$ cat final18.cif   # mmCIF, C-alpha atoms; chains and numbers go by the auth columns
data_query
#
loop_
_atom_site.group_PDB
_atom_site.id
_atom_site.type_symbol
_atom_site.label_atom_id
_atom_site.label_comp_id
_atom_site.label_asym_id
_atom_site.label_seq_id
_atom_site.Cartn_x
_atom_site.Cartn_y
_atom_site.Cartn_z
_atom_site.B_iso_or_equiv
_atom_site.auth_seq_id
_atom_site.auth_asym_id
ATOM 1 C CA MET A 1 9.749 -13.818 -3.333 0.00 1 C
ATOM 2 C CA ARG A 2 7.770 -14.623 -6.437 0.00 2 C
ATOM 3 C CA ARG A 3 9.230 -15.820 -9.692 0.00 3 C
ATOM 4 C CA GLY A 4 10.453 -12.917 -11.789 0.00 4 C
ATOM 5 C CA GLY A 5 11.129 -10.511 -8.959 0.00 5 C
ATOM 6 C CA MET A 6 10.081 -9.033 -5.684 0.00 6 C
ATOM 7 C CA ALA A 7 6.694 -9.937 -4.204 0.00 7 C
ATOM 8 C CA SER A 8 4.186 -7.117 -4.018 0.00 8 C
ATOM 9 C CA PRO A 9 3.490 -5.609 -0.577 0.00 9 C
ATOM 10 C CA CYS A 10 -0.245 -5.758 -1.373 0.00 10 C
ATOM 11 C CA ILE A 11 -2.207 -7.616 1.320 0.00 11 C
ATOM 12 C CA ASP A 12 -5.526 -7.690 -0.592 0.00 12 C
ATOM 13 C CA VAL A 13 -7.279 -4.997 1.425 0.00 13 C
ATOM 14 C CA CYS A 14 -7.496 -2.515 -1.479 0.00 14 C
ATOM 15 C CA ARG A 15 -9.381 0.261 0.317 0.00 15 C
ATOM 16 C CA TYR A 16 -8.096 3.750 -0.366 0.00 16 C
ATOM 17 C CA ASP A 17 -7.911 6.877 1.753 0.00 17 C
ATOM 18 C CA ASP A 18 -9.848 9.627 -0.015 0.00 18 C
ATOM 19 C CA SER A 19 -7.435 12.435 0.836 0.00 19 C
ATOM 20 C CA THR A 20 -4.110 10.735 0.051 0.00 20 C
ATOM 21 C CA GLY A 21 -5.029 8.004 -2.425 0.00 21 C
ATOM 22 C CA TRP A 22 -3.004 5.514 -0.379 0.00 22 C
ATOM 23 C CA CYS A 23 -4.274 1.989 0.208 0.00 23 C
ATOM 24 C CA LEU A 24 -5.202 1.469 3.849 0.00 24 C
ATOM 25 C CA GLY A 25 -3.783 -2.047 3.668 0.00 25 C
ATOM 26 C CA CYS A 26 -0.345 -1.613 2.118 0.00 26 C
ATOM 27 C CA GLY A 27 0.080 2.130 1.511 0.00 27 C
ATOM 28 C CA MET A 28 0.453 1.967 -2.278 0.00 28 C
ATOM 29 C CA THR A 29 -1.525 4.138 -4.689 0.00 29 C
ATOM 30 C CA LYS A 30 -3.603 2.633 -7.493 0.00 30 C
ATOM 31 C CA PRO A 31 -1.001 3.626 -10.136 0.00 31 C
ATOM 32 C CA GLU A 32 1.787 2.066 -8.040 0.00 32 C
ATOM 33 C CA LYS A 33 -0.169 -1.181 -7.759 0.00 33 C
ATOM 34 C CA LYS A 34 -0.876 -1.238 -11.478 0.00 34 C
ATOM 35 C CA GLY A 35 2.760 -0.501 -12.315 0.00 35 C
ATOM 36 C CA TRP A 36 4.301 -3.018 -9.903 0.00 36 C
ATOM 37 C CA LYS A 37 4.967 -5.631 -12.592 0.00 37 C
ATOM 38 C CA GLN A 38 5.695 -3.203 -15.427 0.00 38 C
ATOM 39 C CA GLN A 39 8.061 -0.883 -13.531 0.00 39 C
ATOM 40 C CA PRO A 40 10.434 -2.998 -11.426 0.00 40 C
ATOM 41 C CA GLU A 41 12.914 -0.111 -11.253 0.00 41 C
ATOM 42 C CA ARG A 42 10.443 1.827 -9.052 0.00 42 C
ATOM 43 C CA ARG A 43 9.821 -0.947 -6.524 0.00 43 C
ATOM 44 C CA ASP A 44 12.573 -0.055 -4.052 0.00 44 C
ATOM 45 C CA GLY A 45 11.414 3.559 -3.947 0.00 45 C
ATOM 46 C CA VAL A 46 7.792 2.583 -3.415 0.00 46 C
ATOM 47 C CA LEU A 47 8.700 0.078 -0.705 0.00 47 C
ATOM 48 C CA GLY A 48 10.742 2.717 1.076 0.00 48 C
ATOM 49 C CA GLU A 49 7.756 5.070 1.285 0.00 49 C
ATOM 50 C CA LEU A 50 5.147 2.616 2.553 0.00 50 C
ATOM 51 C CA PRO A 51 6.018 2.492 6.289 0.00 51 C
ATOM 52 C CA ALA A 52 5.838 6.284 6.568 0.00 52 C
ATOM 53 C CA ARG A 53 2.552 6.402 4.656 0.00 53 C
ATOM 54 C CA LEU A 54 0.960 3.788 6.890 0.00 54 C
ATOM 55 C CA ALA A 55 2.287 5.541 9.998 0.00 55 C
ATOM 56 C CA THR A 56 0.898 8.871 8.777 0.00 56 C
ATOM 57 C CA MET A 57 -2.546 7.379 8.234 0.00 57 C
ATOM 58 C CA ALA A 58 -2.480 5.581 11.584 0.00 58 C
ATOM 59 C CA GLY A 59 -1.407 8.845 13.235 0.00 59 C
ATOM 60 C CA ILE A 60 -4.563 10.569 12.027 0.00 60 C
ATOM 61 C CA GLY A 61 -6.786 7.747 13.241 0.00 61 C
ATOM 62 C CA LYS A 62 -7.121 5.592 10.111 0.00 62 C
ATOM 63 C CA VAL A 63 -7.241 1.824 10.580 0.00 63 C
ATOM 64 C CA THR A 64 -4.420 0.365 8.488 0.00 64 C
ATOM 65 C CA GLY A 65 -2.943 -2.987 7.550 0.00 65 C
ATOM 66 C CA LYS A 66 -4.964 -6.202 7.794 0.00 66 C
ATOM 67 C CA ALA A 67 -7.280 -4.568 10.362 0.00 67 C
ATOM 68 C CA ALA A 68 -8.548 -2.204 7.622 0.00 68 C
ATOM 69 C CA ARG A 69 -10.176 -5.184 5.907 0.00 69 C
ATOM 70 C CA ARG A 70 -12.568 -5.638 8.826 0.00 70 C
ATOM 71 C CA HIS A 71 -13.100 -1.976 9.700 0.00 71 C
ATOM 72 C CA LYS A 72 -16.223 -0.193 8.466 0.00 72 C
ATOM 73 C CA ARG A 73 -15.771 3.297 7.025 0.00 73 C
#
$ encode --input "final18.cif" --output "structure tokens"
Amino acid sequence: MRRGGMASPCIDVCRYDDSTGWCLGCGMTKPEKKGWKQQPERRDGVLGELPARLATMAGIGKVTGKAARRHKR
């Protein structure tokens, strides 16, 4: 945990699925990433959605998590 609150789930992949807008690395959207520090009240909700988002993308054949960093589009 970082000082001042919960550590971000971002794993520095920052590649986004065109159809959903979800990051292939962590599952967050660009607005969620930008608001992480400014909107701590939303963090639990965002964190709760990420596993399902990543599973959905993996289920349709997208490479997710740290492996997405090395995978060519």
$ resolve_selection --input "final18.cif" --expression "the PyMOL selection byres ((chain C and resi 7-20) around 10)" --output "VMD selection string"
chain C and resid 1 to 6 21 to 30 33 36 to 37 43 46 to 47 50 53 57 62 64 to 70 73
$ axis_aligned_box --input "final18.cif" --around "stretch 54-70 of chain C" --padding-each-side "5 Å" --output "lines of an AutoDock Vina configuration file"
center_x = -5.1
center_y = 2.2
center_z = 9.6
size_x = 24.9
size_y = 26.8
size_z = 17.3
$ atom_distance --input "final18.cif" --atom1 "atom CA of C:Pro31" --atom2 "atom CA of C:Thr56"
19.7 Å
$ decode --input "final18.cif" --residues "stretch 6-61 of chain C" --atoms "C-alpha atoms" --output "mmCIF file, in the first residue's frame"
data_model
loop_
_atom_site.group_PDB
_atom_site.id
_atom_site.type_symbol
_atom_site.label_atom_id
_atom_site.label_comp_id
_atom_site.auth_asym_id
_atom_site.auth_seq_id
_atom_site.Cartn_x
_atom_site.Cartn_y
_atom_site.Cartn_z
ATOM 1 C CA MET C 6 -4.599 2.093 -1.731
ATOM 2 C CA ALA C 7 -2.031 1.254 -4.410
ATOM 3 C CA SER C 8 -3.276 1.410 -7.975
ATOM 4 C CA PRO C 9 -3.869 -1.908 -9.775
ATOM 5 C CA CYS C 10 -2.052 -0.472 -12.816
ATOM 6 C CA ILE C 11 0.809 -2.720 -13.964
ATOM 7 C CA ASP C 12 2.234 -0.260 -16.532
ATOM 8 C CA VAL C 13 0.949 -2.034 -19.630
ATOM 9 C CA CYS C 14 -1.443 0.778 -20.636
ATOM 10 C CA ARG C 15 -2.763 -0.758 -23.860
ATOM 11 C CA TYR C 16 -6.495 -0.427 -24.362
ATOM 12 C CA ASP C 17 -9.069 -2.652 -26.014
ATOM 13 C CA ASP C 18 -10.747 -0.669 -28.788
ATOM 14 C CA SER C 19 -14.247 -2.021 -28.192
ATOM 15 C CA THR C 20 -14.437 -1.767 -24.389
ATOM 16 C CA GLY C 21 -11.899 0.923 -23.515
ATOM 17 C CA TRP C 22 -10.457 -1.357 -20.829
ATOM 18 C CA CYS C 23 -6.712 -1.594 -20.284
ATOM 19 C CA LEU C 24 -5.402 -5.000 -21.321
ATOM 20 C CA GLY C 25 -3.031 -4.948 -18.357
ATOM 21 C CA CYS C 26 -5.222 -4.032 -15.395
ATOM 22 C CA GLY C 27 -8.758 -3.636 -16.773
ATOM 23 C CA MET C 28 -9.225 0.034 -15.862
ATOM 24 C CA THR C 29 -10.452 2.677 -18.301
ATOM 25 C CA LYS C 30 -8.471 5.848 -18.980
ATOM 26 C CA PRO C 31 -10.875 7.964 -16.864
ATOM 27 C CA GLU C 32 -10.603 5.472 -13.982
ATOM 28 C CA LYS C 33 -6.807 5.644 -14.122
ATOM 29 C CA LYS C 34 -6.845 9.429 -14.202
ATOM 30 C CA GLY C 35 -9.313 9.598 -11.314
ATOM 31 C CA TRP C 36 -7.576 7.042 -9.082
ATOM 32 C CA LYS C 37 -5.920 9.663 -6.870
ATOM 33 C CA GLN C 38 -8.707 12.244 -7.044
ATOM 34 C CA GLN C 39 -11.640 9.889 -6.392
ATOM 35 C CA PRO C 40 -10.685 7.479 -3.598
ATOM 36 C CA GLU C 41 -14.363 6.780 -2.891
ATOM 37 C CA ARG C 42 -14.627 4.976 -6.264
ATOM 38 C CA ARG C 43 -11.623 2.690 -5.788
ATOM 39 C CA ASP C 44 -13.429 -0.250 -4.183
ATOM 40 C CA GLY C 45 -16.018 -0.276 -6.960
ATOM 41 C CA VAL C 46 -13.383 -0.139 -9.680
ATOM 42 C CA LEU C 47 -11.322 -2.878 -8.040
ATOM 43 C CA GLY C 48 -14.392 -5.075 -7.807
ATOM 44 C CA GLU C 49 -15.000 -4.843 -11.558
ATOM 45 C CA LEU C 50 -11.474 -5.557 -12.782
ATOM 46 C CA PRO C 51 -11.354 -9.380 -12.474
ATOM 47 C CA ALA C 52 -14.544 -9.752 -14.517
ATOM 48 C CA ARG C 53 -13.302 -7.305 -17.151
ATOM 49 C CA LEU C 54 -10.010 -9.139 -17.549
ATOM 50 C CA ALA C 55 -11.816 -12.488 -17.680
ATOM 51 C CA THR C 56 -14.198 -11.160 -20.338
ATOM 52 C CA MET C 57 -11.321 -9.977 -22.506
ATOM 53 C CA ALA C 58 -9.403 -13.225 -22.024
ATOM 54 C CA GLY C 59 -12.572 -15.147 -22.914
ATOM 55 C CA ILE C 60 -12.712 -13.470 -26.314
ATOM 56 C CA GLY C 61 -9.054 -14.183 -27.018
#
